[in-house]
$ cat query_17.pdb   # PDB, C-alpha atoms and all ligand atoms
ATOM      1  CA  MET A   1      19.788 -24.369  18.601  1.00  0.00           C
ATOM      2  CA  ARG A   2      21.090 -20.884  18.779  1.00  0.00           C
ATOM      3  CA  ALA A   3      19.946 -18.789  15.906  1.00  0.00           C
ATOM      4  CA  VAL A   4      22.803 -17.064  14.181  1.00  0.00           C
ATOM      5  CA  THR A   5      21.887 -13.602  13.151  1.00  0.00           C
ATOM      6  CA  VAL A   6      23.640 -12.414  10.089  1.00  0.00           C
ATOM      7  CA  LEU A   7      22.713  -9.383   8.181  1.00  0.00           C
ATOM      8  CA  LEU A   8      23.071  -8.214   4.697  1.00  0.00           C
ATOM      9  CA  PHE A   9      22.280  -4.799   3.465  1.00  0.00           C
ATOM     10  CA  PHE A  10      21.870  -4.197  -0.181  1.00  0.00           C
ATOM     11  CA  PHE A  11      21.310  -0.660  -1.173  1.00  0.00           C
ATOM     12  CA  ALA A  12      19.574   0.949  -4.079  1.00  0.00           C
ATOM     13  CA  PHE A  13      21.517   1.222  -7.316  1.00  0.00           C
ATOM     14  CA  GLY A  14      23.212  -2.123  -6.844  1.00  0.00           C
ATOM     15  CA  VAL A  15      25.641  -1.132  -4.131  1.00  0.00           C
ATOM     16  CA  PHE A  16      26.148  -4.023  -1.793  1.00  0.00           C
ATOM     17  CA  GLY A  17      26.936  -4.032   1.860  1.00  0.00           C
ATOM     18  CA  PRO A  18      29.007  -6.060   4.269  1.00  0.00           C
ATOM     19  CA  ALA A  19      29.433  -9.782   4.053  1.00  0.00           C
ATOM     20  CA  GLU A  20      27.648 -12.142   6.354  1.00  0.00           C
ATOM     21  CA  SER A  21      28.320 -15.361   8.119  1.00  0.00           C
ATOM     22  CA  LYS A  22      26.419 -18.592   8.318  1.00  0.00           C
ATOM     23  CA  SER A  23      26.774 -21.775  10.292  1.00  0.00           C
ATOM     24  CA  ALA A  24      24.999 -25.059  10.964  1.00  0.00           C
ATOM     25  CA  GLY A  25      22.381 -24.391   8.329  1.00  0.00           C
ATOM     26  CA  ASN A  26      21.129 -21.219   9.944  1.00  0.00           C
ATOM     27  CA  ALA A  27      21.159 -18.023   7.994  1.00  0.00           C
ATOM     28  CA  SER A  28      19.359 -14.800   7.388  1.00  0.00           C
ATOM     29  CA  ARG A  29      19.076 -12.098   4.793  1.00  0.00           C
ATOM     30  CA  THR A  30      17.926  -8.521   5.050  1.00  0.00           C
ATOM     31  CA  THR A  31      16.164  -6.402   2.474  1.00  0.00           C
ATOM     32  CA  SER A  32      16.782  -2.693   2.283  1.00  0.00           C
ATOM     33  CA  PRO A  33      14.392  -0.114   0.883  1.00  0.00           C
ATOM     34  CA  GLN A  34      14.683   1.477  -2.513  1.00  0.00           C
ATOM     35  CA  VAL A  35      14.310   4.896  -0.971  1.00  0.00           C
ATOM     36  CA  VAL A  36      15.497   6.402   2.287  1.00  0.00           C
ATOM     37  CA  ARG A  37      12.909   6.321   5.033  1.00  0.00           C
ATOM     38  CA  ALA A  38      11.691   9.558   6.528  1.00  0.00           C
ATOM     39  CA  GLY A  39       8.802  10.442   8.746  1.00  0.00           C
ATOM     40  CA  THR A  40       5.915   8.228   9.745  1.00  0.00           C
ATOM     41  CA  ASN A  41       2.539   7.356   8.363  1.00  0.00           C
ATOM     42  CA  PRO A  42      -0.191   7.411  11.013  1.00  0.00           C
ATOM     43  CA  ASN A  43      -2.453   5.094   9.026  1.00  0.00           C
ATOM     44  CA  PRO A  44      -1.378   1.481   9.067  1.00  0.00           C
ATOM     45  CA  LEU A  45      -2.028  -0.282   5.782  1.00  0.00           C
ATOM     46  CA  LEU A  46      -0.272  -3.518   6.365  1.00  0.00           C
ATOM     47  CA  THR A  47      -2.099  -6.138   8.408  1.00  0.00           C
ATOM     48  CA  GLN A  48      -0.967  -9.479   9.759  1.00  0.00           C
ATOM     49  CA  ASP A  49      -3.753 -11.139   7.750  1.00  0.00           C
ATOM     50  CA  LEU A  50      -2.396  -9.661   4.548  1.00  0.00           C
ATOM     51  CA  LEU A  51       1.083 -10.848   5.462  1.00  0.00           C
ATOM     52  CA  TYR A  52      -0.228 -14.381   6.108  1.00  0.00           C
ATOM     53  CA  PHE A  53      -2.047 -14.272   2.776  1.00  0.00           C
ATOM     54  CA  TRP A  54       1.053 -13.235   0.813  1.00  0.00           C
ATOM     55  CA  ILE A  55       3.264 -15.803   2.494  1.00  0.00           C
ATOM     56  CA  ALA A  56       0.747 -18.599   1.871  1.00  0.00           C
ATOM     57  CA  LYS A  57       0.341 -17.555  -1.751  1.00  0.00           C
ATOM     58  CA  TRP A  58       4.043 -17.252  -2.562  1.00  0.00           C
ATOM     59  CA  GLN A  59       5.049 -20.235  -0.440  1.00  0.00           C
ATOM     60  CA  ARG A  60       2.702 -22.286  -2.649  1.00  0.00           C
ATOM     61  CA  THR A  61       3.937 -20.661  -5.861  1.00  0.00           C
ATOM     62  CA  LEU A  62       7.565 -21.298  -4.958  1.00  0.00           C
ATOM     63  CA  ALA A  63       6.847 -24.856  -3.736  1.00  0.00           C
ATOM     64  CA  LEU A  64       8.102 -24.126  -0.244  1.00  0.00           C
ATOM     65  CA  GLU A  65       5.263 -25.889   1.573  1.00  0.00           C
ATOM     66  CA  ASP A  66       7.733 -28.099   3.439  1.00  0.00           C
ATOM     67  CA  TRP A  67       8.823 -25.026   5.387  1.00  0.00           C
ATOM     68  CA  SER A  68       7.133 -23.727   8.515  1.00  0.00           C
ATOM     69  CA  ILE A  69       7.213 -19.970   8.092  1.00  0.00           C
ATOM     70  CA  GLU A  70       6.365 -17.476  10.793  1.00  0.00           C
ATOM     71  CA  SER A  71       5.843 -13.825  10.041  1.00  0.00           C
ATOM     72  CA  LYS A  72       5.816 -10.646  12.016  1.00  0.00           C
ATOM     73  CA  ILE A  73       5.196  -6.966  11.346  1.00  0.00           C
ATOM     74  CA  VAL A  74       7.862  -5.032  13.178  1.00  0.00           C
ATOM     75  CA  ARG A  75       8.846  -1.438  13.820  1.00  0.00           C
ATOM     76  CA  THR A  76      11.945   0.285  12.439  1.00  0.00           C
ATOM     77  CA  TRP A  77      14.016  -0.380  15.540  1.00  0.00           C
ATOM     78  CA  GLU A  78      13.391  -4.125  15.325  1.00  0.00           C
ATOM     79  CA  LEU A  79      15.098  -4.365  11.941  1.00  0.00           C
ATOM     80  CA  PRO A  80      18.687  -3.612  10.988  1.00  0.00           C
ATOM     81  CA  GLU A  81      19.340  -0.063   9.904  1.00  0.00           C
ATOM     82  CA  ARG A  82      17.916   0.720   6.443  1.00  0.00           C
ATOM     83  CA  ALA A  83      16.122  -2.644   6.267  1.00  0.00           C
ATOM     84  CA  VAL A  84      12.490  -3.118   5.273  1.00  0.00           C
ATOM     85  CA  ALA A  85      12.417  -6.880   5.770  1.00  0.00           C
ATOM     86  CA  ASN A  86      14.543  -9.838   6.686  1.00  0.00           C
ATOM     87  CA  ILE A  87      14.447 -13.587   6.982  1.00  0.00           C
ATOM     88  CA  HIS A  88      16.068 -16.070   9.312  1.00  0.00           C
ATOM     89  CA  TRP A  89      15.982 -19.742   8.487  1.00  0.00           C
ATOM     90  CA  SER A  90      17.145 -23.062   9.841  1.00  0.00           C
ATOM     91  CA  LEU A  91      17.725 -25.833   7.313  1.00  0.00           C
ATOM     92  CA  PRO A  92      17.762 -28.647   9.907  1.00  0.00           C
ATOM     93  CA  THR A  93      14.347 -27.686  11.330  1.00  0.00           C
ATOM     94  CA  LYS A  94      12.891 -26.237   8.111  1.00  0.00           C
ATOM     95  CA  LYS A  95      11.646 -23.245  10.073  1.00  0.00           C
ATOM     96  CA  ALA A  96      11.880 -19.649   8.945  1.00  0.00           C
ATOM     97  CA  THR A  97      10.815 -16.272  10.247  1.00  0.00           C
ATOM     98  CA  ILE A  98      10.083 -13.330   8.011  1.00  0.00           C
ATOM     99  CA  ARG A  99       9.883  -9.869   9.500  1.00  0.00           C
ATOM    100  CA  VAL A 100       8.574  -6.907   7.529  1.00  0.00           C
ATOM    101  CA  LEU A 101       8.479  -3.236   8.345  1.00  0.00           C
ATOM    102  CA  ASP A 102       5.241  -1.837   9.742  1.00  0.00           C
ATOM    103  CA  SER A 103       3.668   0.479   7.179  1.00  0.00           C
ATOM    104  CA  VAL A 104       3.485   3.230   9.812  1.00  0.00           C
ATOM    105  CA  ASP A 105       7.278   3.437   9.534  1.00  0.00           C
ATOM    106  CA  SER A 106       7.402   3.447   5.741  1.00  0.00           C
ATOM    107  CA  SER A 107       8.533   6.495   3.818  1.00  0.00           C
ATOM    108  CA  LEU A 108       6.944   5.252   0.615  1.00  0.00           C
ATOM    109  CA  PRO A 109       3.776   6.826  -0.765  1.00  0.00           C
ATOM    110  CA  ARG A 110       0.719   5.019   0.574  1.00  0.00           C
ATOM    111  CA  SER A 111      -0.072   3.668  -2.889  1.00  0.00           C
ATOM    112  CA  GLU A 112       3.292   1.913  -3.064  1.00  0.00           C
ATOM    113  CA  ILE A 113       3.620   0.462   0.424  1.00  0.00           C
ATOM    114  CA  LEU A 114       1.638  -2.730  -0.045  1.00  0.00           C
ATOM    115  CA  LYS A 115       3.200  -3.659  -3.377  1.00  0.00           C
ATOM    116  CA  ASP A 116       6.654  -2.977  -1.966  1.00  0.00           C
ATOM    117  CA  THR A 117       5.929  -5.094   1.097  1.00  0.00           C
ATOM    118  CA  GLU A 118       4.650  -7.980  -1.016  1.00  0.00           C
ATOM    119  CA  LEU A 119       7.856  -7.682  -3.055  1.00  0.00           C
ATOM    120  CA  SER A 120       9.826  -7.971   0.188  1.00  0.00           C
ATOM    121  CA  VAL A 121       7.900 -11.142   1.073  1.00  0.00           C
ATOM    122  CA  VAL A 122       8.625 -12.639  -2.361  1.00  0.00           C
ATOM    123  CA  HIS A 123      12.273 -11.570  -2.062  1.00  0.00           C
ATOM    124  CA  GLU A 124      12.715 -13.304   1.297  1.00  0.00           C
ATOM    125  CA  LEU A 125      10.969 -16.457   0.051  1.00  0.00           C
ATOM    126  CA  VAL A 126      13.216 -16.580  -3.024  1.00  0.00           C
ATOM    127  CA  HIS A 127      16.143 -16.521  -0.578  1.00  0.00           C
ATOM    128  CA  LEU A 128      14.543 -19.495   1.140  1.00  0.00           C
ATOM    129  CA  SER A 129      14.186 -21.335  -2.173  1.00  0.00           C
ATOM    130  CA  MET A 130      17.961 -21.039  -2.573  1.00  0.00           C
ATOM    131  CA  SER A 131      18.816 -21.967   0.990  1.00  0.00           C
ATOM    132  CA  LYS A 132      20.025 -25.472   0.112  1.00  0.00           C
ATOM    133  CA  LEU A 133      22.482 -24.163  -2.445  1.00  0.00           C
ATOM    134  CA  PRO A 134      26.156 -23.991  -1.519  1.00  0.00           C
ATOM    135  CA  LEU A 135      25.941 -20.251  -0.925  1.00  0.00           C
ATOM    136  CA  ASP A 136      29.025 -18.319   0.018  1.00  0.00           C
ATOM    137  CA  PRO A 137      28.165 -16.481   3.243  1.00  0.00           C
ATOM    138  CA  ASN A 138      31.074 -14.119   2.743  1.00  0.00           C
ATOM    139  CA  HIS A 139      30.044 -13.119  -0.753  1.00  0.00           C
ATOM    140  CA  THR A 140      26.279 -12.768  -1.020  1.00  0.00           C
ATOM    141  CA  GLU A 141      26.324 -10.034  -3.668  1.00  0.00           C
ATOM    142  CA  LEU A 142      25.543 -12.377  -6.537  1.00  0.00           C
ATOM    143  CA  GLU A 143      22.907 -14.157  -4.469  1.00  0.00           C
ATOM    144  CA  GLU A 144      21.254 -10.800  -3.713  1.00  0.00           C
ATOM    145  CA  GLU A 145      21.398  -9.793  -7.352  1.00  0.00           C
ATOM    146  CA  ALA A 146      19.703 -13.030  -8.441  1.00  0.00           C
ATOM    147  CA  VAL A 147      17.098 -12.876  -5.666  1.00  0.00           C
ATOM    148  CA  LYS A 148      16.308  -9.264  -6.500  1.00  0.00           C
ATOM    149  CA  LYS A 149      15.865  -9.968 -10.212  1.00  0.00           C
ATOM    150  CA  LEU A 150      13.762 -13.084  -9.650  1.00  0.00           C
ATOM    151  CA  SER A 151      11.465 -11.489  -7.072  1.00  0.00           C
ATOM    152  CA  VAL A 152      10.845  -8.437  -9.253  1.00  0.00           C
ATOM    153  CA  ALA A 153      10.228 -10.715 -12.250  1.00  0.00           C
ATOM    154  CA  LEU A 154       7.730 -12.846 -10.306  1.00  0.00           C
ATOM    155  CA  LEU A 155       5.709  -9.824  -9.213  1.00  0.00           C
ATOM    156  CA  THR A 156       5.878  -8.233 -12.660  1.00  0.00           C
ATOM    157  CA  LEU A 157       4.656 -11.464 -14.179  1.00  0.00           C
ATOM    158  CA  GLU A 158       1.761 -11.564 -11.721  1.00  0.00           C
ATOM    159  CA  ASP A 159       0.857  -7.943 -12.403  1.00  0.00           C
ATOM    160  CA  SER A 160       0.847  -8.569 -16.146  1.00  0.00           C
ATOM    161  CA  LYS A 161      -1.869 -11.196 -15.664  1.00  0.00           C
ATOM    162  CA  LYS A 162      -4.242  -8.728 -14.014  1.00  0.00           C
TER     163      LYS A 162
HETATM  164 ZN    ZN A 201      17.981 -10.284  -0.004  1.00  0.00          ZN
END
$ encode --input "query_17.pdb" --output "structure tokens"
Amino acid sequence: MRAVTVLLFFFAFGVFGPAESKSAGNASRTTSPQVVRAGTNPNPLLTQDLLYFWIAKWQRTLALEDWSIESKIVRTWELPERAVANIHWSLPTKKATIRVLDSVDSSLPRSEILKDTELSVVHELVHLSMSKLPLDPNHTELEEEAVKKLSVALLTLEDSKK
């Protein structure tokens, strides 16, 4: 099955980008950073093991164990412009791929990169939890708003337990 790549950019301050398309149960969503990227960080913080750990943890929390989820750390040029993460999924096969930005390409302060990346993972998985809903591929603004609020709330809730 051909994967349909559709992109959505949502920008800081609640400004939403172009609409996307979706067909045959395949879809994707893209997460943009809260700040504009600039420069590079020579010290990678994010590891594939950490990414696996987050996905396993949040996949369990969100009861998404019936999905087979691949993950990949990618460079700036492998993501849509302004994106820090994205997800592609296929409902018929229950397979998804999450890609997150390599920390060497992040413009965030070192202390914020990991938390922001975990938030991106949660964000993409919340999208997945809604993937069976009758979403409107041409109007994903409300979906993005809900996903953003829920993912921030989930992480805030977790932080408050520490
Ligand atoms: Zn999103």
$ residues_near_ligand --input "query_17.pdb" --ligand "ligand ZN 201 (chain A)" --cutoff "9 Å" --atoms "all atoms listed in the file" --output "MDAnalysis selection string"
chainID A and resid 8:10 28:32 85:87 120 123:124 126:127 140 143:145 147:148
$ atom_distance --input "query_17.pdb" --atom1 "atom CA of A:Val100" --atom2 "atom CA of A:Lys72"
6.5 Å
$ atom_distance --input "query_17.pdb" --atom1 "atom CA of A:Lys94" --atom2 "atom CA of A:Trp67"
5.0 Å
$ resolve_selection --input "query_17.pdb" --expression "the PyMOL selection byres (((chain A and resi 103) around 12) and not hetatm)" --output "PDB file with C-alpha atoms, keeping the file's coordinate frame"
ATOM      1  CA  ARG A  37      12.909   6.321   5.033  1.00  0.00           C
ATOM      2  CA  GLY A  39       8.802  10.442   8.746  1.00  0.00           C
ATOM      3  CA  THR A  40       5.915   8.228   9.745  1.00  0.00           C
ATOM      4  CA  ASN A  41       2.539   7.356   8.363  1.00  0.00           C
ATOM      5  CA  PRO A  42      -0.191   7.411  11.013  1.00  0.00           C
ATOM      6  CA  ASN A  43      -2.453   5.094   9.026  1.00  0.00           C
ATOM      7  CA  PRO A  44      -1.378   1.481   9.067  1.00  0.00           C
ATOM      8  CA  LEU A  45      -2.028  -0.282   5.782  1.00  0.00           C
ATOM      9  CA  LEU A  46      -0.272  -3.518   6.365  1.00  0.00           C
ATOM     10  CA  THR A  47      -2.099  -6.138   8.408  1.00  0.00           C
ATOM     11  CA  GLN A  48      -0.967  -9.479   9.759  1.00  0.00           C
ATOM     12  CA  LEU A  51       1.083 -10.848   5.462  1.00  0.00           C
ATOM     13  CA  ILE A  73       5.196  -6.966  11.346  1.00  0.00           C
ATOM     14  CA  VAL A  74       7.862  -5.032  13.178  1.00  0.00           C
ATOM     15  CA  ARG A  75       8.846  -1.438  13.820  1.00  0.00           C
ATOM     16  CA  THR A  76      11.945   0.285  12.439  1.00  0.00           C
ATOM     17  CA  VAL A  84      12.490  -3.118   5.273  1.00  0.00           C
ATOM     18  CA  ALA A  85      12.417  -6.880   5.770  1.00  0.00           C
ATOM     19  CA  VAL A 100       8.574  -6.907   7.529  1.00  0.00           C
ATOM     20  CA  LEU A 101       8.479  -3.236   8.345  1.00  0.00           C
ATOM     21  CA  ASP A 102       5.241  -1.837   9.742  1.00  0.00           C
ATOM     22  CA  VAL A 104       3.485   3.230   9.812  1.00  0.00           C
ATOM     23  CA  ASP A 105       7.278   3.437   9.534  1.00  0.00           C
ATOM     24  CA  SER A 106       7.402   3.447   5.741  1.00  0.00           C
ATOM     25  CA  SER A 107       8.533   6.495   3.818  1.00  0.00           C
ATOM     26  CA  LEU A 108       6.944   5.252   0.615  1.00  0.00           C
ATOM     27  CA  PRO A 109       3.776   6.826  -0.765  1.00  0.00           C
ATOM     28  CA  ARG A 110       0.719   5.019   0.574  1.00  0.00           C
ATOM     29  CA  SER A 111      -0.072   3.668  -2.889  1.00  0.00           C
ATOM     30  CA  GLU A 112       3.292   1.913  -3.064  1.00  0.00           C
ATOM     31  CA  ILE A 113       3.620   0.462   0.424  1.00  0.00           C
ATOM     32  CA  LEU A 114       1.638  -2.730  -0.045  1.00  0.00           C
ATOM     33  CA  LYS A 115       3.200  -3.659  -3.377  1.00  0.00           C
ATOM     34  CA  ASP A 116       6.654  -2.977  -1.966  1.00  0.00           C
ATOM     35  CA  THR A 117       5.929  -5.094   1.097  1.00  0.00           C
ATOM     36  CA  GLU A 118       4.650  -7.980  -1.016  1.00  0.00           C
TER      37      GLU A 118
END
$ closest_residue --input "query_17.pdb" --among "A:Asn138, A:Thr156, A:Ser131, A:Ser151" --to "A:Leu91" --atoms "all atoms listed in the file"
A:Ser131
$ closest_residue --input "query_17.pdb" --among "A:Leu128, A:His139, A:Val122, A:Pro80" --to "A:Val152" --atoms "all atoms listed in the file"
A:Val122
$ closest_residue --input "query_17.pdb" --among "A:Leu64, A:Ala27, A:Leu142, A:Leu125" --to "A:Ser90" --atoms "only C-alpha atoms"
A:Ala27
$ resolve_selection --input "query_17.pdb" --expression "the PyMOL selection byres (((chain A and resi 68) around 10) and not hetatm)" --output "ChimeraX atom specification"
/A:59,64-67,69-70,89,93-97
$ axis_aligned_box --input "query_17.pdb" --around "stretch 66-79 of chain A" --padding-each-side "5 Å" --output "JSON"
{"center_x": 10.1, "center_y": -13.9, "center_z": 9.5, "size_x": 19.9, "size_y": 38.4, "size_z": 22.1}
$ atom_distance --input "query_17.pdb" --atom1 "atom CA of A:Pro92" --atom2 "atom CA of A:Asp49"
27.8 Å
